[in-house]
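Text of run_14.csv, listed as CSV, C-alpha atoms:
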chain,number,residue,atom,x,y,z
T,1,MET,CA,115.8,269.0,190.4
T,2,ALA,CA,119.2,269.8,191.8
T,3,GLN,CA,120.1,271.8,188.7
T,4,GLU,CA,116.8,273.7,189.0
T,5,ARG,CA,117.7,274.6,192.5
T,6,HIS,CA,121.2,275.6,191.5
T,7,ALA,CA,119.8,277.9,188.9
T,8,ALA,CA,117.6,279.5,191.5
T,9,GLY,CA,120.7,280.1,193.6
T,10,ALA,CA,122.5,281.9,190.8
T,11,GLU,CA,119.5,284.0,190.1
T,12,LEU,CA,119.3,284.8,193.8
T,13,ARG,CA,122.9,285.8,194.0
T,14,GLU,CA,122.4,288.3,191.2
T,15,LEU,CA,119.3,289.6,192.9
T,16,GLU,CA,121.1,289.9,196.2
T,17,GLU,CA,123.9,291.9,194.7
T,18,GLN,CA,121.5,294.2,193.0
T,19,THR,CA,118.7,294.9,195.4
T,20,GLN,CA,118.1,295.3,199.1
T,21,VAL,CA,114.9,293.3,198.8
T,22,GLY,CA,117.1,290.4,197.6
T,23,GLU,CA,119.2,290.7,200.7
T,24,ILE,CA,116.1,290.6,202.9
T,25,PHE,CA,114.8,287.5,201.0
T,26,LEU,CA,118.1,285.8,201.4
T,27,GLY,CA,118.3,286.5,205.1
T,28,ALA,CA,114.9,285.1,205.6
T,29,LEU,CA,115.8,281.9,203.6
T,30,MET,CA,119.0,281.4,205.6
T,31,ARG,CA,117.1,281.9,208.9
T,32,ARG,CA,114.5,279.4,208.0
T,33,GLN,CA,117.1,276.8,207.0
T,34,LEU,CA,119.0,277.4,210.2
T,35,ARG,CA,115.9,277.0,212.3
T,36,LEU,CA,115.2,273.7,210.6
T,37,SER,CA,118.7,272.5,211.3
T,38,ALA,CA,118.5,273.6,214.9
T,39,ARG,CA,115.1,271.9,215.3
T,40,VAL,CA,116.5,268.6,214.0
T,41,ALA,CA,119.6,268.7,216.2
T,42,ALA,CA,117.6,269.7,219.3
T,43,THR,CA,115.3,266.7,218.8
T,44,MET,CA,118.2,264.4,218.6
T,45,VAL,CA,119.9,265.9,221.7
T,46,VAL,CA,116.6,265.6,223.7
T,47,ALA,CA,115.9,262.0,222.5
T,48,LEU,CA,119.4,260.9,223.5
T,49,GLY,CA,119.8,263.1,226.6
T,50,VAL,CA,116.6,262.0,228.2
T,51,GLN,CA,117.8,258.4,228.5
T,52,PRO,CA,120.4,259.0,231.3
T,53,LEU,CA,117.9,261.2,233.1
T,54,VAL,CA,115.3,258.4,233.0
T,55,ALA,CA,117.9,256.0,234.4
T,56,TRP,CA,118.8,258.5,237.1
T,57,PHE,CA,115.3,259.3,238.3
T,58,TRP,CA,113.8,255.8,237.7
T,59,PRO,CA,116.5,253.3,238.5
T,60,ALA,CA,114.1,250.4,237.7
T,61,TYR,CA,114.6,251.4,234.0
T,62,ALA,CA,117.9,249.5,234.0
T,63,ALA,CA,116.2,246.3,235.3
T,64,VAL,CA,113.4,246.2,232.7
T,65,HIS,CA,114.1,243.3,230.2
T,66,VAL,CA,112.5,242.8,226.8
T,67,PHE,CA,113.0,239.3,225.4
T,68,SER,CA,115.5,239.0,228.3
T,69,ILE,CA,117.6,241.9,226.8
T,70,PRO,CA,118.0,244.9,229.1
T,71,LEU,CA,115.7,247.7,227.8
T,72,PRO,CA,118.3,250.5,228.0
T,73,TRP,CA,120.5,248.5,225.5
T,74,LEU,CA,117.6,248.1,223.1
T,75,VAL,CA,116.5,251.8,223.4
T,76,LEU,CA,120.0,253.2,222.9
T,77,GLY,CA,121.7,250.5,220.7
T,78,VAL,CA,118.8,249.7,218.4
T,79,GLY,CA,116.3,252.5,218.7
T,80,SER,CA,118.7,255.4,218.1
T,81,TYR,CA,119.4,254.5,214.5
T,82,PRO,CA,115.9,254.5,213.1
T,83,LEU,CA,115.4,257.8,214.9
T,84,MET,CA,118.4,259.3,213.3
T,85,VAL,CA,117.4,258.0,209.8
T,86,ALA,CA,114.0,259.5,210.3
T,87,LEU,CA,115.5,262.8,211.4
T,88,GLY,CA,117.8,262.8,208.4
T,89,LEU,CA,114.9,262.2,206.0
T,90,TYR,CA,112.8,264.9,207.7
T,91,TYR,CA,115.7,267.4,207.4
T,92,VAL,CA,116.4,266.7,203.7
T,93,ARG,CA,112.7,266.8,202.7
T,94,HIS,CA,112.0,270.0,204.6
T,95,ALA,CA,115.3,271.7,203.5
T,96,GLU,CA,114.4,271.0,199.8
T,97,ALA,CA,110.8,272.1,200.3
T,98,ILE,CA,112.1,275.5,201.8
T,99,ASP,CA,114.4,275.9,198.8
T,100,ASP,CA,111.7,275.0,196.3
T,101,GLU,CA,109.2,277.4,197.9
T,102,PHE,CA,111.8,280.1,197.7
T,103,SER,CA,112.6,279.7,194.0
T,104,ASP,CA,108.9,279.6,193.3
T,105,LEU,CA,108.6,282.9,195.2
T,106,LEU,CA,111.5,284.3,193.2
T,107,ARG,CA,110.1,283.3,189.8
T,108,GLY,CA,106.7,284.6,190.7
T,109,GLY,CA,108.1,288.0,191.7
T,110,GLU,CA,109.8,288.5,188.3
Z,1,MET,CA,148.2,233.7,215.0
Z,2,THR,CA,149.7,233.6,211.5
Z,3,SER,CA,147.9,231.1,209.2
Z,4,PRO,CA,148.0,230.4,205.5
Z,5,ALA,CA,144.3,231.2,205.3
Z,6,ALA,CA,144.8,234.6,207.0
Z,7,VAL,CA,147.6,235.5,204.6
Z,8,ALA,CA,145.6,234.2,201.6
Z,9,GLY,CA,142.5,236.2,202.7
Z,10,LEU,CA,144.6,239.3,203.2
Z,11,LEU,CA,146.3,239.1,199.8
Z,12,ALA,CA,143.0,238.4,198.1
Z,13,MET,CA,141.4,241.4,199.8
Z,14,LEU,CA,144.4,243.7,198.8
Z,15,VAL,CA,144.4,242.5,195.2
Z,16,ALA,CA,140.6,242.9,194.9
Z,17,THR,CA,140.8,246.4,196.5
Z,18,VAL,CA,143.5,247.6,194.1
Z,19,ALA,CA,141.7,246.0,191.1
Z,20,VAL,CA,138.4,247.7,191.9
Z,21,GLY,CA,140.0,251.0,192.6
Z,22,VAL,CA,142.1,251.0,189.4
Z,23,PHE,CA,139.1,249.7,187.3
Z,24,ALA,CA,137.2,252.8,188.2
Z,25,ARG,CA,140.0,254.9,186.7
Z,26,ARG,CA,138.7,254.2,183.2
Z,27,PHE,CA,135.9,256.7,183.8
Z,28,ALA,CA,138.1,259.5,185.2
Z,29,HIS,CA,139.2,261.8,182.5
Z,30,THR,CA,138.7,265.4,183.8
Z,31,THR,CA,139.4,267.2,187.0
Z,32,SER,CA,135.6,267.0,187.8
Z,33,ASP,CA,135.7,263.2,187.2
Z,34,PHE,CA,138.6,263.0,189.7
Z,35,LEU,CA,137.2,265.2,192.5
Z,36,VAL,CA,133.5,264.6,192.5
Z,37,ALA,CA,133.5,261.3,190.7
Z,38,ALA,CA,131.8,263.1,187.8
Z,39,ARG,CA,128.6,262.8,189.8
Z,40,ALA,CA,128.5,259.2,188.5
Z,41,VAL,CA,128.2,257.7,192.0
Z,42,ARG,CA,124.6,256.9,192.8
Z,43,PRO,CA,123.3,257.8,196.3
Z,44,ALA,CA,123.1,254.1,197.3
Z,45,ALA,CA,126.8,253.5,196.4
Z,46,ASN,CA,127.8,256.7,198.1
Z,47,ALA,CA,125.8,255.8,201.3
Z,48,ALA,CA,127.6,252.4,201.2
Z,49,ALA,CA,131.0,254.1,201.0
Z,50,ILE,CA,130.2,256.4,203.9
Z,51,SER,CA,128.9,253.5,205.9
Z,52,GLY,CA,132.1,251.6,205.0
Z,53,GLU,CA,134.1,254.5,206.6
Z,54,TYR,CA,131.8,254.3,209.7
Z,55,LEU,CA,132.7,250.6,210.0
Z,56,SER,CA,136.4,251.3,210.5
Z,57,ALA,CA,138.7,249.2,212.7
Z,58,ALA,CA,137.7,251.5,215.6
Z,59,SER,CA,134.0,250.8,215.4
Z,60,PHE,CA,134.4,247.2,214.2
Z,61,LEU,CA,137.0,245.9,216.7
Z,62,GLY,CA,137.5,248.7,219.1
Z,63,ILE,CA,133.9,249.3,220.1
Z,64,ALA,CA,133.2,245.5,220.3
Z,65,GLY,CA,136.1,245.1,222.7
Z,66,LEU,CA,135.2,248.2,224.8
Z,67,VAL,CA,131.6,247.0,225.1
Z,68,MET,CA,132.9,243.6,226.2
Z,69,LYS,CA,134.9,245.3,228.9
Z,70,PHE,CA,132.7,248.2,230.0
Z,71,GLY,CA,129.2,247.2,228.9
Z,72,TYR,CA,126.4,249.7,228.4
Z,73,ASP,CA,128.4,252.9,228.9
Z,74,VAL,CA,130.4,252.3,225.8
Z,75,LEU,CA,127.3,251.7,223.7
Z,76,TRP,CA,127.1,255.6,223.6
Z,77,TYR,CA,130.2,255.7,221.4
Z,78,PRO,CA,128.7,254.2,218.2
Z,79,VAL,CA,125.5,256.1,218.8
Z,80,GLY,CA,127.6,259.3,219.1
Z,81,TYR,CA,129.4,258.5,215.9
Z,82,ALA,CA,126.1,258.1,214.1
Z,83,ALA,CA,124.7,261.3,215.7
Z,84,GLY,CA,127.8,263.0,214.4
Z,85,TYR,CA,126.7,262.2,210.8
Z,86,LEU,CA,123.3,263.8,211.5
Z,87,VAL,CA,125.0,267.0,212.9
Z,88,LEU,CA,127.2,266.9,209.8
Z,89,LEU,CA,124.1,266.7,207.6
Z,90,VAL,CA,122.2,269.6,209.1
Z,91,PHE,CA,125.0,272.0,209.9
Z,92,ILE,CA,127.7,271.3,207.2
Z,93,ALA,CA,126.6,269.2,204.3
Z,94,GLY,CA,123.2,270.8,203.8
Z,95,PRO,CA,124.4,274.4,203.9
Z,96,LEU,CA,127.5,273.5,201.8
Z,97,ARG,CA,125.3,272.0,199.1
Z,98,ARG,CA,123.0,275.0,199.1
Z,99,PHE,CA,126.0,277.3,198.8
Z,100,GLY,CA,127.2,275.3,195.8
Z,101,ALA,CA,130.5,274.3,197.3
Z,102,TYR,CA,132.0,270.7,197.3
Z,103,THR,CA,134.5,271.1,200.0
Z,104,ILE,CA,135.1,273.3,203.1
Z,105,PRO,CA,138.0,275.1,201.4
Z,106,ASP,CA,135.7,275.8,198.4
Z,107,PHE,CA,133.2,277.3,200.9
Z,108,ALA,CA,135.9,279.3,202.7
Z,109,GLU,CA,137.1,280.9,199.5
Z,110,GLY,CA,133.6,281.5,198.1
Z,111,ARG,CA,132.1,282.9,201.3
Z,112,PHE,CA,134.9,285.2,202.3
Z,113,SER,CA,136.4,285.9,198.8
Z,114,SER,CA,139.8,285.1,200.1
Z,115,PRO,CA,142.3,282.6,198.7
Z,116,ARG,CA,144.3,282.9,202.0
Z,117,PHE,CA,141.3,281.7,203.9
Z,118,ARG,CA,141.1,278.8,201.4
Z,119,ARG,CA,144.7,277.9,202.2
Z,120,LEU,CA,144.0,278.1,205.9
Z,121,ALA,CA,141.0,275.7,205.5
Z,122,VAL,CA,143.2,273.3,203.5
Z,123,GLY,CA,145.8,273.4,206.2
Z,124,LEU,CA,143.1,272.6,208.8
Z,125,VAL,CA,141.8,269.7,206.7
Z,126,ILE,CA,145.3,268.3,206.4
Z,127,VAL,CA,145.9,268.5,210.2
Z,128,VAL,CA,142.6,266.8,211.0
Z,129,GLY,CA,143.3,264.2,208.3
Z,130,LEU,CA,146.8,263.5,209.6
Z,131,PHE,CA,145.5,262.8,213.1
Z,132,TYR,CA,142.8,260.6,211.7
Z,133,THR,CA,145.2,258.7,209.5
Z,134,LEU,CA,147.9,258.1,212.2
Z,135,PRO,CA,145.9,255.6,214.3
Z,136,GLN,CA,144.5,254.0,211.1
Z,137,MET,CA,148.0,253.3,209.8
Z,138,LYS,CA,149.1,252.1,213.2
Z,139,ALA,CA,146.2,249.7,213.3
Z,140,ALA,CA,146.8,248.6,209.7
Z,141,GLY,CA,150.4,247.9,210.5
Z,142,ILE,CA,149.6,245.9,213.6
Z,143,THR,CA,146.8,243.9,211.8
Z,144,VAL,CA,149.0,243.0,208.8
Z,145,ALA,CA,151.9,242.2,211.1
Z,146,SER,CA,149.8,239.9,213.3
Z,147,ALA,CA,147.9,238.2,210.5
Z,148,ALA,CA,150.7,237.7,207.9
Z,149,GLY,CA,153.6,237.5,210.3
Z,150,VAL,CA,155.6,240.3,208.6
Z,151,PRO,CA,157.4,243.1,210.4
Z,152,TYR,CA,155.2,246.0,211.6
Z,153,ALA,CA,156.9,248.5,209.3
Z,154,ALA,CA,156.3,246.3,206.3
Z,155,GLY,CA,152.6,246.2,207.2
Z,156,VAL,CA,152.4,250.0,207.3
Z,157,VAL,CA,154.3,250.4,204.0
Z,158,VAL,CA,152.1,247.8,202.2
Z,159,MET,CA,148.8,249.5,203.4
Z,160,ALA,CA,150.1,253.0,202.6
Z,161,ALA,CA,151.1,251.8,199.1
Z,162,VAL,CA,147.6,250.3,198.5
Z,163,VAL,CA,145.9,253.5,199.6
Z,164,VAL,CA,148.1,255.8,197.6
Z,165,THR,CA,147.7,253.6,194.5
Z,166,ILE,CA,143.9,253.6,194.7
Z,167,VAL,CA,143.7,257.4,195.3
Z,168,ILE,CA,146.2,258.2,192.4
Z,169,ALA,CA,144.8,255.7,190.0
Z,170,GLY,CA,141.1,255.8,190.8
Z,171,GLY,CA,140.4,259.3,192.1
Z,172,MET,CA,137.3,260.0,194.0
Z,173,ARG,CA,135.3,257.5,192.1
Z,174,GLY,CA,137.8,254.8,192.7
Z,175,VAL,CA,138.0,255.5,196.4
Z,176,THR,CA,134.2,255.6,196.6
Z,177,ILE,CA,133.7,252.3,194.8
Z,178,VAL,CA,136.4,250.6,196.9
Z,179,GLN,CA,134.7,251.9,200.1
Z,180,ALA,CA,131.3,250.6,198.9
Z,181,VAL,CA,132.8,247.2,198.1
Z,182,GLN,CA,134.5,247.1,201.5
Z,183,PHE,CA,131.3,248.0,203.2
Z,184,ALA,CA,129.7,244.8,201.9
Z,185,VAL,CA,132.8,242.8,203.0
Z,186,LYS,CA,132.7,244.4,206.5
Z,187,VAL,CA,129.0,243.9,207.0
Z,188,PHE,CA,129.5,240.2,206.1
Z,189,ALA,CA,132.4,240.0,208.5
Z,190,ILE,CA,130.6,241.7,211.4
Z,191,THR,CA,127.5,239.5,210.9
Z,192,VAL,CA,129.3,236.2,211.1
Z,193,PRO,CA,130.0,236.4,214.9
Z,194,VAL,CA,126.4,237.2,215.5
Z,195,PHE,CA,125.3,234.0,213.8
Z,196,VAL,CA,128.0,232.0,215.6
Z,197,LEU,CA,126.9,233.3,218.9
Z,198,LEU,CA,123.2,232.7,218.1
Z,199,VAL,CA,124.0,229.1,217.1
Z,200,HIS,CA,126.0,228.6,220.3
Z,201,PHE,CA,123.6,230.3,222.8
Z,202,GLY,CA,120.2,230.0,221.0
Z,203,THR,CA,118.7,233.4,221.8
Z,204,PRO,CA,120.0,237.0,222.2
Z,205,GLY,CA,118.8,236.9,225.8
Z,206,ARG,CA,121.0,233.9,226.6
Z,207,ILE,CA,124.0,235.7,225.1
Z,208,PHE,CA,123.3,238.6,227.5
Z,209,ALA,CA,122.8,236.2,230.4
Z,210,ALA,CA,126.1,234.4,229.6
Z,211,ALA,CA,127.9,237.7,229.5
Z,212,GLY,CA,126.4,238.6,232.9
Z,213,ALA,CA,127.2,235.2,234.3
Z,214,ARG,CA,130.9,235.8,234.0
Z,215,GLU,CA,131.4,233.4,231.2
Z,216,VAL,CA,134.0,235.9,229.8
Z,217,PRO,CA,136.4,234.8,227.0
Z,218,THR,CA,140.1,234.3,227.6
Z,219,LEU,CA,142.4,236.0,225.1
Z,220,PRO,CA,145.3,233.8,223.9
Z,221,ALA,CA,147.5,236.7,222.6
Z,222,PRO,CA,148.6,239.8,224.5
Z,223,THR,CA,146.1,242.6,224.2
Z,224,THR,CA,145.4,246.0,225.8
Z,225,VAL,CA,141.8,244.9,226.7
Z,226,HIS,CA,141.7,243.1,230.1
Z,227,VAL,CA,138.4,241.4,230.4
Z,228,ALA,CA,137.2,241.3,234.0
Z,229,PRO,CA,134.2,239.1,235.0
Z,230,GLY,CA,130.8,240.7,235.3
Z,231,VAL,CA,130.0,243.1,232.4
Z,232,ARG,CA,128.2,246.1,233.8
Z,233,TRP,CA,124.7,246.8,232.4
Entire entry expressed as structure tokens:
Amino acid sequence: MAQERHAAGAELRELEEQTQVGEIFLGALMRRQLRLSARVAATMVVALGVQPLVAWFWPAYAAVHVFSIPLPWLVLGVGSYPLMVALGLYYVRHAEAIDDEFSDLLRGGE
Amino acid sequence: MTSPAAVAGLLAMLVATVAVGVFARRFAHTTSDFLVAARAVRPAANAAAISGEYLSAASFLGIAGLVMKFGYDVLWYPVGYAAGYLVLLVFIAGPLRRFGAYTIPDFAEGRFSSPRFRRLAVGLVIVVGLFYTLPQMKAAGITVASAAGVPYAAGVVVMAAVVVTIVIAGGMRGVTIVQAVQFAVKVFAITVPVFVLLVHFGTPGRIFAAAGAREVPTLPAPTTVHVAPGVRW
């Protein structure tokens, strides 16, 4: 799978050097990948950044206890990690899907 | 603080670490073996190695102490470290892999077709590495000195010798396997206090209640952490 992708990259680099169309394709691919990265990072920033805001606008948040453990501790100290793992998986799957789609497009165009 | 058990444990760990690192050498024959572990490290072992790095003295002891002193606010540090890995994945590791580069200097040279840029990147990596290694070696020296009762400088020299031996003898694969093994050891070590506390207090809720009820521990040896009663939530 990885080698396949690698081969597509080499093909692409040739294409890019030769044609303007390749340059446009490459630009589109890079923008899609960057948008995906930005989306994942923004989701994390919002998920973490909203917590102090909740505590600020709703002070009772700090007093909520679940199994006699303060809720903010559980949300931040326990909840953050599954979220990050999920975001990481989402990113890897989608980044590979974008690459695969692209190499299919490239092969189809030949 | 010095006890025969601590010295024996330290020695056993050092010997096992060097043995594991040097054992991995058998498989390192080419430059590729040395630098990228011949791609013979499976994702699970690699993940364990990176997690072993995450569980450094800073997160293992430092964060525990800071949470004890400052409470909830410091809980943001470990979350921030982990978030850093995600940022690394989406903005550095992913693009680097798609580009076909293994390291930042590889990328710098490949992207800008400039060996000078590569050397600049190497210089930056060394500067960052130096400032990362400084506190690590300081902590290693203090730990060995306090556990084994040897001078601080001897602790630093011993730890540096172990690290250099593993890197030279084992290459990337040796380092990765050592980190993966140490991850298991550290996870075990970090779990023991949880079980002890649960046996002592019964439920996680009672541990929090006790921390809030000013039942703070007293520290027998001098430390930079001064524990005041009343952990802030």
Counting all atoms listed in the file, the residue of Z:Ile166, Z:Leu75, Z:Val150, Z:Leu66 that sits nearest chain T =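 Of all the options, Z:Leu75 lies closest to chain T.
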Dump as an NGL selection string the residues of chain Z that approach chain T to within 12 Å, counting all atoms listed in the file.
-> :Z and (39 or 67 or 71-95 or 97-101 or 203-212 or 232-233)
Written file, previous selection with C-alpha atoms, as a PDB file, in the frame of the given file:
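Listed below is the output, selection-v9.pdb:
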ATOM      1  CA  ARG Z  39     128.600 262.800 189.800  1.00  0.00           C
ATOM      2  CA  VAL Z  67     131.600 247.000 225.100  1.00  0.00           C
ATOM      3  CA  GLY Z  71     129.200 247.200 228.900  1.00  0.00           C
ATOM      4  CA  TYR Z  72     126.400 249.700 228.400  1.00  0.00           C
ATOM      5  CA  ASP Z  73     128.400 252.900 228.900  1.00  0.00           C
ATOM      6  CA  VAL Z  74     130.400 252.300 225.800  1.00  0.00           C
ATOM      7  CA  LEU Z  75     127.300 251.700 223.700  1.00  0.00           C
ATOM      8  CA  TRP Z  76     127.100 255.600 223.600  1.00  0.00           C
ATOM      9  CA  TYR Z  77     130.200 255.700 221.400  1.00  0.00           C
ATOM     10  CA  PRO Z  78     128.700 254.200 218.200  1.00  0.00           C
ATOM     11  CA  VAL Z  79     125.500 256.100 218.800  1.00  0.00           C
ATOM     12  CA  GLY Z  80     127.600 259.300 219.100  1.00  0.00           C
ATOM     13  CA  TYR Z  81     129.400 258.500 215.900  1.00  0.00           C
ATOM     14  CA  ALA Z  82     126.100 258.100 214.100  1.00  0.00           C
ATOM     15  CA  ALA Z  83     124.700 261.300 215.700  1.00  0.00           C
ATOM     16  CA  GLY Z  84     127.800 263.000 214.400  1.00  0.00           C
ATOM     17  CA  TYR Z  85     126.700 262.200 210.800  1.00  0.00           C
ATOM     18  CA  LEU Z  86     123.300 263.800 211.500  1.00  0.00           C
ATOM     19  CA  VAL Z  87     125.000 267.000 212.900  1.00  0.00           C
ATOM     20  CA  LEU Z  88     127.200 266.900 209.800  1.00  0.00           C
ATOM     21  CA  LEU Z  89     124.100 266.700 207.600  1.00  0.00           C
ATOM     22  CA  VAL Z  90     122.200 269.600 209.100  1.00  0.00           C
ATOM     23  CA  PHE Z  91     125.000 272.000 209.900  1.00  0.00           C
ATOM     24  CA  ILE Z  92     127.700 271.300 207.200  1.00  0.00           C
ATOM     25  CA  ALA Z  93     126.600 269.200 204.300  1.00  0.00           C
ATOM     26  CA  GLY Z  94     123.200 270.800 203.800  1.00  0.00           C
ATOM     27  CA  PRO Z  95     124.400 274.400 203.900  1.00  0.00           C
ATOM     28  CA  ARG Z  97     125.300 272.000 199.100  1.00  0.00           C
ATOM     29  CA  ARG Z  98     123.000 275.000 199.100  1.00  0.00           C
ATOM     30  CA  PHE Z  99     126.000 277.300 198.800  1.00  0.00           C
ATOM     31  CA  GLY Z 100     127.200 275.300 195.800  1.00  0.00           C
ATOM     32  CA  ALA Z 101     130.500 274.300 197.300  1.00  0.00           C
ATOM     33  CA  THR Z 203     118.700 233.400 221.800  1.00  0.00           C
ATOM     34  CA  PRO Z 204     120.000 237.000 222.200  1.00  0.00           C
ATOM     35  CA  GLY Z 205     118.800 236.900 225.800  1.00  0.00           C
ATOM     36  CA  ARG Z 206     121.000 233.900 226.600  1.00  0.00           C
ATOM     37  CA  ILE Z 207     124.000 235.700 225.100  1.00  0.00           C
ATOM     38  CA  PHE Z 208     123.300 238.600 227.500  1.00  0.00           C
ATOM     39  CA  ALA Z 209     122.800 236.200 230.400  1.00  0.00           C
ATOM     40  CA  ALA Z 210     126.100 234.400 229.600  1.00  0.00           C
ATOM     41  CA  ALA Z 211     127.900 237.700 229.500  1.00  0.00           C
ATOM     42  CA  GLY Z 212     126.400 238.600 232.900  1.00  0.00           C
ATOM     43  CA  ARG Z 232     128.200 246.100 233.800  1.00  0.00           C
ATOM     44  CA  TRP Z 233     124.700 246.800 232.400  1.00  0.00           C
TER      45      TRP Z 233
END
Just how far from atom CA of Val125 of chain Z is atom CA of Ala184 of chain Z, in Å to one decimal?
->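 Separation of atom CA of Ala184 of chain Z and atom CA of Val125 of chain Z: 28.1 Å.
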Mind checking which residues fall within 12 Å of Leu120 of chain Z, counting all atoms listed in the file, ignoring those fewer than 3 positions away in the same chain, and posting them as number ranges by chain?
-> Z: 104-109, 114-117, 123-127
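Taking atom CA of Lys186 of chain Z as the reference point, atom CA of Thr17 of chain Z is found at 13.0 Å.
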Record the distance separating atom CA of Ile190 of chain Z and atom CA of Tyr90 of chain T, expressed in Å with one decimal.
->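 Atom CA of Tyr90 of chain T lies 29.5 Å from atom CA of Ile190 of chain Z.
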Smallest atom-to-atom distance to Gly174 of chain Z: which of Z:Phe23, Z:Phe131, Z:Tyr54, Z:Phe201, using only C-alpha atoms?
->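 Comparing Z:Phe23, Z:Phe131, Z:Tyr54, Z:Phe201 against Gly174 of chain Z, the winner is Z:Phe23.
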Leaving out segment 142-144 of chain Z and any residue of its chain fewer than 6 positions from it, which residues lie within 10 Å of it when counting all atoms listed in the file, given as number ranges by chain?
-> Z: 2, 6-7, 10, 57, 136, 150-156, 158-159
Using only C-alpha atoms, determine which residues lie at most 9 Å from Ser51 of chain Z, disregarding the query and same-chain residues fewer than 3 positions distant; provide the list as a list in words.
-> Asn46, Ala47, Ala48, Tyr54, Leu55, Gln179, Ala180 and Phe183 of chain Z
Centre, edges in Å (one decimal): axis-aligned box, segment 40-50 of chain T, 6 Å padding on all six sides, as JSON:
{"center_x": 117.6, "center_y": 265.3, "center_z": 221.1, "size_x": 16.6, "size_y": 20.8, "size_z": 26.2}
